[in-house]
Amino acid sequence: MGERLAKLIPGEALALYGAGSAIVPDNQNWGLWFLSAACLGFTIALRWKITAENGKPAQFRSVMIAAVSFILWVIALDFPAGPINWPDNLTWLPALLALLWATIVPVFYKGDQKV
């Protein structure tokens with residue numbers, strides 16, 4: 001599941017989050033929230049730049065899919081790697097949402113058609 005979801009997100013954003021989260025001390029959860037927001041912005045900017053080729057507009061759906069995928073990936077991370085410490089009775093929910101998203105998106109979105 002994690003690999004399918006990761007393919008929807010620029011690898012640079014995943015690497016940035018992985019390296020950044022190793023730097024943030026365990027007792028500084030706000031640092032993970034800050035890092036998550038920065039990586040989300042980076043994901044959007046990078047996907048926008050990558051899909052806007054030769055003066056054509058960016059592929060908005062691709063940008064939004066990458067953004068939602070990154071958010072789901074972050075919320076599915078177990079605390080303290082991720083910023084959310086889910087209650088014991090809800091720890092399964094983010095992983096299930098990420099699994100459903102990673103399974104459904106490739107079925108319905110094949111990328112914008114090149115002209």
# chains A, B, ... in the order shown; residues from 1 in each chain; ligands from 1
$ residues_around --residues "A:Ala45" --least-positions-apart "4" --cutoff "12 Å" --atoms "only C-alpha atoms" --output "PyMOL selection string"
chain A and resi 9-10+12-13+38-41+49-52+58-60+62-64+66-67
$ write_last_selection --atoms "N, CA and C atoms" --output "mmCIF file, in the first residue's frame"
data_model
loop_
_atom_site.group_PDB
_atom_site.id
_atom_site.type_symbol
_atom_site.label_atom_id
_atom_site.label_comp_id
_atom_site.auth_asym_id
_atom_site.auth_seq_id
_atom_site.Cartn_x
_atom_site.Cartn_y
_atom_site.Cartn_z
ATOM 1 N N ILE A 9 3.223 10.614 -5.248
ATOM 2 C CA ILE A 9 3.847 11.776 -4.611
ATOM 3 C C ILE A 9 5.259 11.926 -5.161
ATOM 4 N N PRO A 10 5.699 13.159 -5.450
ATOM 5 C CA PRO A 10 7.094 13.324 -5.880
ATOM 6 C C PRO A 10 8.060 12.755 -4.836
ATOM 7 N N GLU A 12 11.000 13.513 -4.162
ATOM 8 C CA GLU A 12 11.761 14.538 -3.442
ATOM 9 C C GLU A 12 11.039 14.964 -2.160
ATOM 10 N N ALA A 13 9.707 15.034 -2.218
ATOM 11 C CA ALA A 13 8.937 15.423 -1.026
ATOM 12 C C ALA A 13 9.011 14.336 0.038
ATOM 13 N N ALA A 38 5.415 22.291 4.885
ATOM 14 C CA ALA A 38 6.451 22.646 3.919
ATOM 15 C C ALA A 38 6.536 21.604 2.808
ATOM 16 N N CYS A 39 6.469 20.334 3.160
ATOM 17 C CA CYS A 39 6.535 19.271 2.156
ATOM 18 C C CYS A 39 5.289 19.252 1.276
ATOM 19 N N LEU A 40 4.145 19.580 1.840
ATOM 20 C CA LEU A 40 2.921 19.680 1.040
ATOM 21 C C LEU A 40 3.060 20.801 0.016
ATOM 22 N N GLY A 41 3.553 21.949 0.454
ATOM 23 C CA GLY A 41 3.791 23.054 -0.471
ATOM 24 C C GLY A 41 4.784 22.667 -1.555
ATOM 25 N N LYS A 49 5.122 22.355 -11.510
ATOM 26 C CA LYS A 49 6.221 22.636 -12.448
ATOM 27 C C LYS A 49 6.438 21.479 -13.412
ATOM 28 N N ILE A 50 6.394 20.263 -12.907
ATOM 29 C CA ILE A 50 6.636 19.088 -13.735
ATOM 30 C C ILE A 50 5.553 18.928 -14.805
ATOM 31 N N THR A 51 4.304 19.232 -14.450
ATOM 32 C CA THR A 51 3.217 18.990 -15.401
ATOM 33 C C THR A 51 2.957 20.172 -16.323
ATOM 34 N N ALA A 52 3.541 21.319 -16.044
ATOM 35 C CA ALA A 52 3.388 22.483 -16.932
ATOM 36 C C ALA A 52 4.554 22.473 -17.912
ATOM 37 N N ALA A 58 -0.509 23.689 -16.160
ATOM 38 C CA ALA A 58 -0.238 22.528 -15.313
ATOM 39 C C ALA A 58 -1.464 21.612 -15.279
ATOM 40 N N GLN A 59 -1.212 20.346 -15.023
ATOM 41 C CA GLN A 59 -2.300 19.370 -14.909
ATOM 42 C C GLN A 59 -2.865 19.439 -13.491
ATOM 43 N N PHE A 60 -3.918 20.223 -13.334
ATOM 44 C CA PHE A 60 -4.484 20.497 -12.021
ATOM 45 C C PHE A 60 -4.868 19.207 -11.290
ATOM 46 N N SER A 62 -3.598 16.236 -11.555
ATOM 47 C CA SER A 62 -2.382 15.566 -11.111
ATOM 48 C C SER A 62 -1.805 16.244 -9.868
ATOM 49 N N VAL A 63 -1.846 17.570 -9.850
ATOM 50 C CA VAL A 63 -1.348 18.332 -8.707
ATOM 51 C C VAL A 63 -2.173 18.015 -7.466
ATOM 52 N N MET A 64 -3.504 18.003 -7.613
ATOM 53 C CA MET A 64 -4.378 17.742 -6.463
ATOM 54 C C MET A 64 -4.257 16.292 -5.984
ATOM 55 N N ALA A 66 -1.571 14.454 -6.149
ATOM 56 C CA ALA A 66 -0.298 14.393 -5.410
ATOM 57 C C ALA A 66 -0.455 15.006 -4.023
ATOM 58 N N ALA A 67 -1.178 16.134 -3.926
ATOM 59 C CA ALA A 67 -1.373 16.801 -2.632
ATOM 60 C C ALA A 67 -2.171 15.918 -1.672
#
$ select_by_dssp --residues "chain A" --states "alpha helix (DSSP H)" --output "number ranges by chain"
A: 2-6, 11-23, 29-51, 60-76, 92-108
$ residues_around --residues "A:Tyr17" --least-positions-apart "6" --cutoff "10 Å" --atoms "only C-alpha atoms" --output "ChimeraX atom specification"
/A:11,23,32,35-36,38-40,74,81-82
$ write_last_selection --atoms "C-alpha atoms" --output "compact mmCIF listing (two decimals), in the first residue's frame"
# COMPACT_ATOMS: atom_id res chain seq x y z
CA GLY A 11 9.97 11.34 -4.40
CA ILE A 23 15.99 15.93 12.68
CA LEU A 32 6.47 17.71 12.24
CA LEU A 35 7.64 19.99 8.05
CA SER A 36 4.40 18.46 6.76
CA ALA A 38 6.45 22.65 3.92
CA CYS A 39 6.54 19.27 2.16
CA LEU A 40 2.92 19.68 1.04
CA VAL A 74 1.57 11.70 6.39
CA ALA A 81 7.17 9.57 12.68
CA GLY A 82 3.94 11.33 11.78
$ residues_around --residues "A:Leu8" --least-positions-apart "2" --cutoff "12 Å" --atoms "only C-alpha atoms" --output "count of residues only"
37
$ decode --residues "stretch 17-110 of chain A" --atoms "C-alpha atoms" --output "PDB file, in the first residue's frame"
ATOM      1  CA  TYR A  17       9.996  14.534   4.963  1.00  0.00           C
ATOM      2  CA  GLY A  18      12.055  11.454   5.856  1.00  0.00           C
ATOM      3  CA  ALA A  19      15.237  13.432   6.396  1.00  0.00           C
ATOM      4  CA  GLY A  20      13.452  16.308   8.135  1.00  0.00           C
ATOM      5  CA  SER A  21      11.499  14.085  10.517  1.00  0.00           C
ATOM      6  CA  ALA A  22      14.764  12.474  11.647  1.00  0.00           C
ATOM      7  CA  ILE A  23      15.990  15.932  12.679  1.00  0.00           C
ATOM      8  CA  VAL A  24      12.877  17.012  14.610  1.00  0.00           C
ATOM      9  CA  PRO A  25      13.141  15.996  18.299  1.00  0.00           C
ATOM     10  CA  ASP A  26      10.397  13.667  19.598  1.00  0.00           C
ATOM     11  CA  ASN A  27       9.047  16.289  22.008  1.00  0.00           C
ATOM     12  CA  GLN A  28       8.658  18.943  19.275  1.00  0.00           C
ATOM     13  CA  ASN A  29       5.520  17.750  17.454  1.00  0.00           C
ATOM     14  CA  TRP A  30       4.944  21.236  16.025  1.00  0.00           C
ATOM     15  CA  GLY A  31       8.119  20.654  14.007  1.00  0.00           C
ATOM     16  CA  LEU A  32       6.468  17.712  12.242  1.00  0.00           C
ATOM     17  CA  TRP A  33       3.419  19.864  11.486  1.00  0.00           C
ATOM     18  CA  PHE A  34       5.695  22.573  10.061  1.00  0.00           C
ATOM     19  CA  LEU A  35       7.639  19.994   8.055  1.00  0.00           C
ATOM     20  CA  SER A  36       4.396  18.463   6.762  1.00  0.00           C
ATOM     21  CA  ALA A  37       3.131  21.849   5.590  1.00  0.00           C
ATOM     22  CA  ALA A  38       6.451  22.646   3.919  1.00  0.00           C
ATOM     23  CA  CYS A  39       6.535  19.271   2.156  1.00  0.00           C
ATOM     24  CA  LEU A  40       2.921  19.680   1.040  1.00  0.00           C
ATOM     25  CA  GLY A  41       3.791  23.054  -0.471  1.00  0.00           C
ATOM     26  CA  PHE A  42       6.845  21.500  -2.115  1.00  0.00           C
ATOM     27  CA  THR A  43       4.716  18.628  -3.471  1.00  0.00           C
ATOM     28  CA  ILE A  44       2.242  21.055  -5.032  1.00  0.00           C
ATOM     29  CA  ALA A  45       4.932  23.336  -6.470  1.00  0.00           C
ATOM     30  CA  LEU A  46       6.996  20.466  -7.863  1.00  0.00           C
ATOM     31  CA  ARG A  47       4.043  18.637  -9.416  1.00  0.00           C
ATOM     32  CA  TRP A  48       2.818  21.956 -10.871  1.00  0.00           C
ATOM     33  CA  LYS A  49       6.221  22.636 -12.448  1.00  0.00           C
ATOM     34  CA  ILE A  50       6.636  19.088 -13.735  1.00  0.00           C
ATOM     35  CA  THR A  51       3.217  18.990 -15.401  1.00  0.00           C
ATOM     36  CA  ALA A  52       3.388  22.483 -16.932  1.00  0.00           C
ATOM     37  CA  GLU A  53       5.397  21.763 -20.053  1.00  0.00           C
ATOM     38  CA  ASN A  54       6.214  23.957 -23.036  1.00  0.00           C
ATOM     39  CA  GLY A  55       3.896  26.787 -22.048  1.00  0.00           C
ATOM     40  CA  LYS A  56       0.926  24.464 -21.438  1.00  0.00           C
ATOM     41  CA  PRO A  57      -1.022  24.847 -18.197  1.00  0.00           C
ATOM     42  CA  ALA A  58      -0.238  22.528 -15.313  1.00  0.00           C
ATOM     43  CA  GLN A  59      -2.300  19.370 -14.909  1.00  0.00           C
ATOM     44  CA  PHE A  60      -4.484  20.497 -12.021  1.00  0.00           C
ATOM     45  CA  ARG A  61      -5.872  17.007 -11.328  1.00  0.00           C
ATOM     46  CA  SER A  62      -2.382  15.566 -11.111  1.00  0.00           C
ATOM     47  CA  VAL A  63      -1.348  18.332  -8.707  1.00  0.00           C
ATOM     48  CA  MET A  64      -4.378  17.742  -6.463  1.00  0.00           C
ATOM     49  CA  ILE A  65      -3.919  13.951  -6.516  1.00  0.00           C
ATOM     50  CA  ALA A  66      -0.298  14.393  -5.410  1.00  0.00           C
ATOM     51  CA  ALA A  67      -1.373  16.801  -2.632  1.00  0.00           C
ATOM     52  CA  VAL A  68      -4.103  14.504  -1.282  1.00  0.00           C
ATOM     53  CA  SER A  69      -1.764  11.518  -1.563  1.00  0.00           C
ATOM     54  CA  PHE A  70       0.900  13.307   0.481  1.00  0.00           C
ATOM     55  CA  ILE A  71      -1.626  14.282   3.166  1.00  0.00           C
ATOM     56  CA  LEU A  72      -2.901  10.703   3.417  1.00  0.00           C
ATOM     57  CA  TRP A  73       0.653   9.371   3.505  1.00  0.00           C
ATOM     58  CA  VAL A  74       1.570  11.699   6.389  1.00  0.00           C
ATOM     59  CA  ILE A  75      -1.553  10.949   8.437  1.00  0.00           C
ATOM     60  CA  ALA A  76      -0.995   7.211   7.941  1.00  0.00           C
ATOM     61  CA  LEU A  77       2.484   7.390   9.494  1.00  0.00           C
ATOM     62  CA  ASP A  78       2.634   6.050  13.029  1.00  0.00           C
ATOM     63  CA  PHE A  79       3.410   8.573  15.749  1.00  0.00           C
ATOM     64  CA  PRO A  80       6.126   9.806  16.380  1.00  0.00           C
ATOM     65  CA  ALA A  81       7.174   9.574  12.678  1.00  0.00           C
ATOM     66  CA  GLY A  82       3.937  11.334  11.783  1.00  0.00           C
ATOM     67  CA  PRO A  83       2.498  14.404  13.482  1.00  0.00           C
ATOM     68  CA  ILE A  84      -0.795  12.818  14.608  1.00  0.00           C
ATOM     69  CA  ASN A  85      -1.031  10.624  17.694  1.00  0.00           C
ATOM     70  CA  TRP A  86      -4.236   8.783  16.832  1.00  0.00           C
ATOM     71  CA  PRO A  87      -6.372   7.336  19.638  1.00  0.00           C
ATOM     72  CA  ASP A  88      -5.925   3.575  19.948  1.00  0.00           C
ATOM     73  CA  ASN A  89      -9.387   2.903  18.542  1.00  0.00           C
ATOM     74  CA  LEU A  90      -8.656   4.934  15.356  1.00  0.00           C
ATOM     75  CA  THR A  91      -5.114   3.920  14.429  1.00  0.00           C
ATOM     76  CA  TRP A  92      -6.437   1.776  11.573  1.00  0.00           C
ATOM     77  CA  LEU A  93      -8.442   4.571   9.889  1.00  0.00           C
ATOM     78  CA  PRO A  94      -5.683   6.609   8.176  1.00  0.00           C
ATOM     79  CA  ALA A  95      -4.054   3.466   6.788  1.00  0.00           C
ATOM     80  CA  LEU A  96      -7.409   2.315   5.422  1.00  0.00           C
ATOM     81  CA  LEU A  97      -8.053   5.703   3.798  1.00  0.00           C
ATOM     82  CA  ALA A  98      -4.584   5.680   2.229  1.00  0.00           C
ATOM     83  CA  LEU A  99      -5.101   2.115   0.975  1.00  0.00           C
ATOM     84  CA  LEU A 100      -8.447   2.979  -0.621  1.00  0.00           C
ATOM     85  CA  TRP A 101      -7.043   6.146  -2.213  1.00  0.00           C
ATOM     86  CA  ALA A 102      -3.976   4.384  -3.609  1.00  0.00           C
ATOM     87  CA  THR A 103      -6.169   1.640  -5.073  1.00  0.00           C
ATOM     88  CA  ILE A 104      -8.919   3.830  -6.536  1.00  0.00           C
ATOM     89  CA  VAL A 105      -6.968   6.765  -8.014  1.00  0.00           C
ATOM     90  CA  PRO A 106      -4.985   4.775 -10.619  1.00  0.00           C
ATOM     91  CA  VAL A 107      -8.233   3.178 -11.814  1.00  0.00           C
ATOM     92  CA  PHE A 108      -9.888   6.528 -12.549  1.00  0.00           C
ATOM     93  CA  TYR A 109      -6.936   8.789 -13.355  1.00  0.00           C
ATOM     94  CA  LYS A 110      -4.489   7.817 -16.077  1.00  0.00           C
TER      95      LYS A 110
END
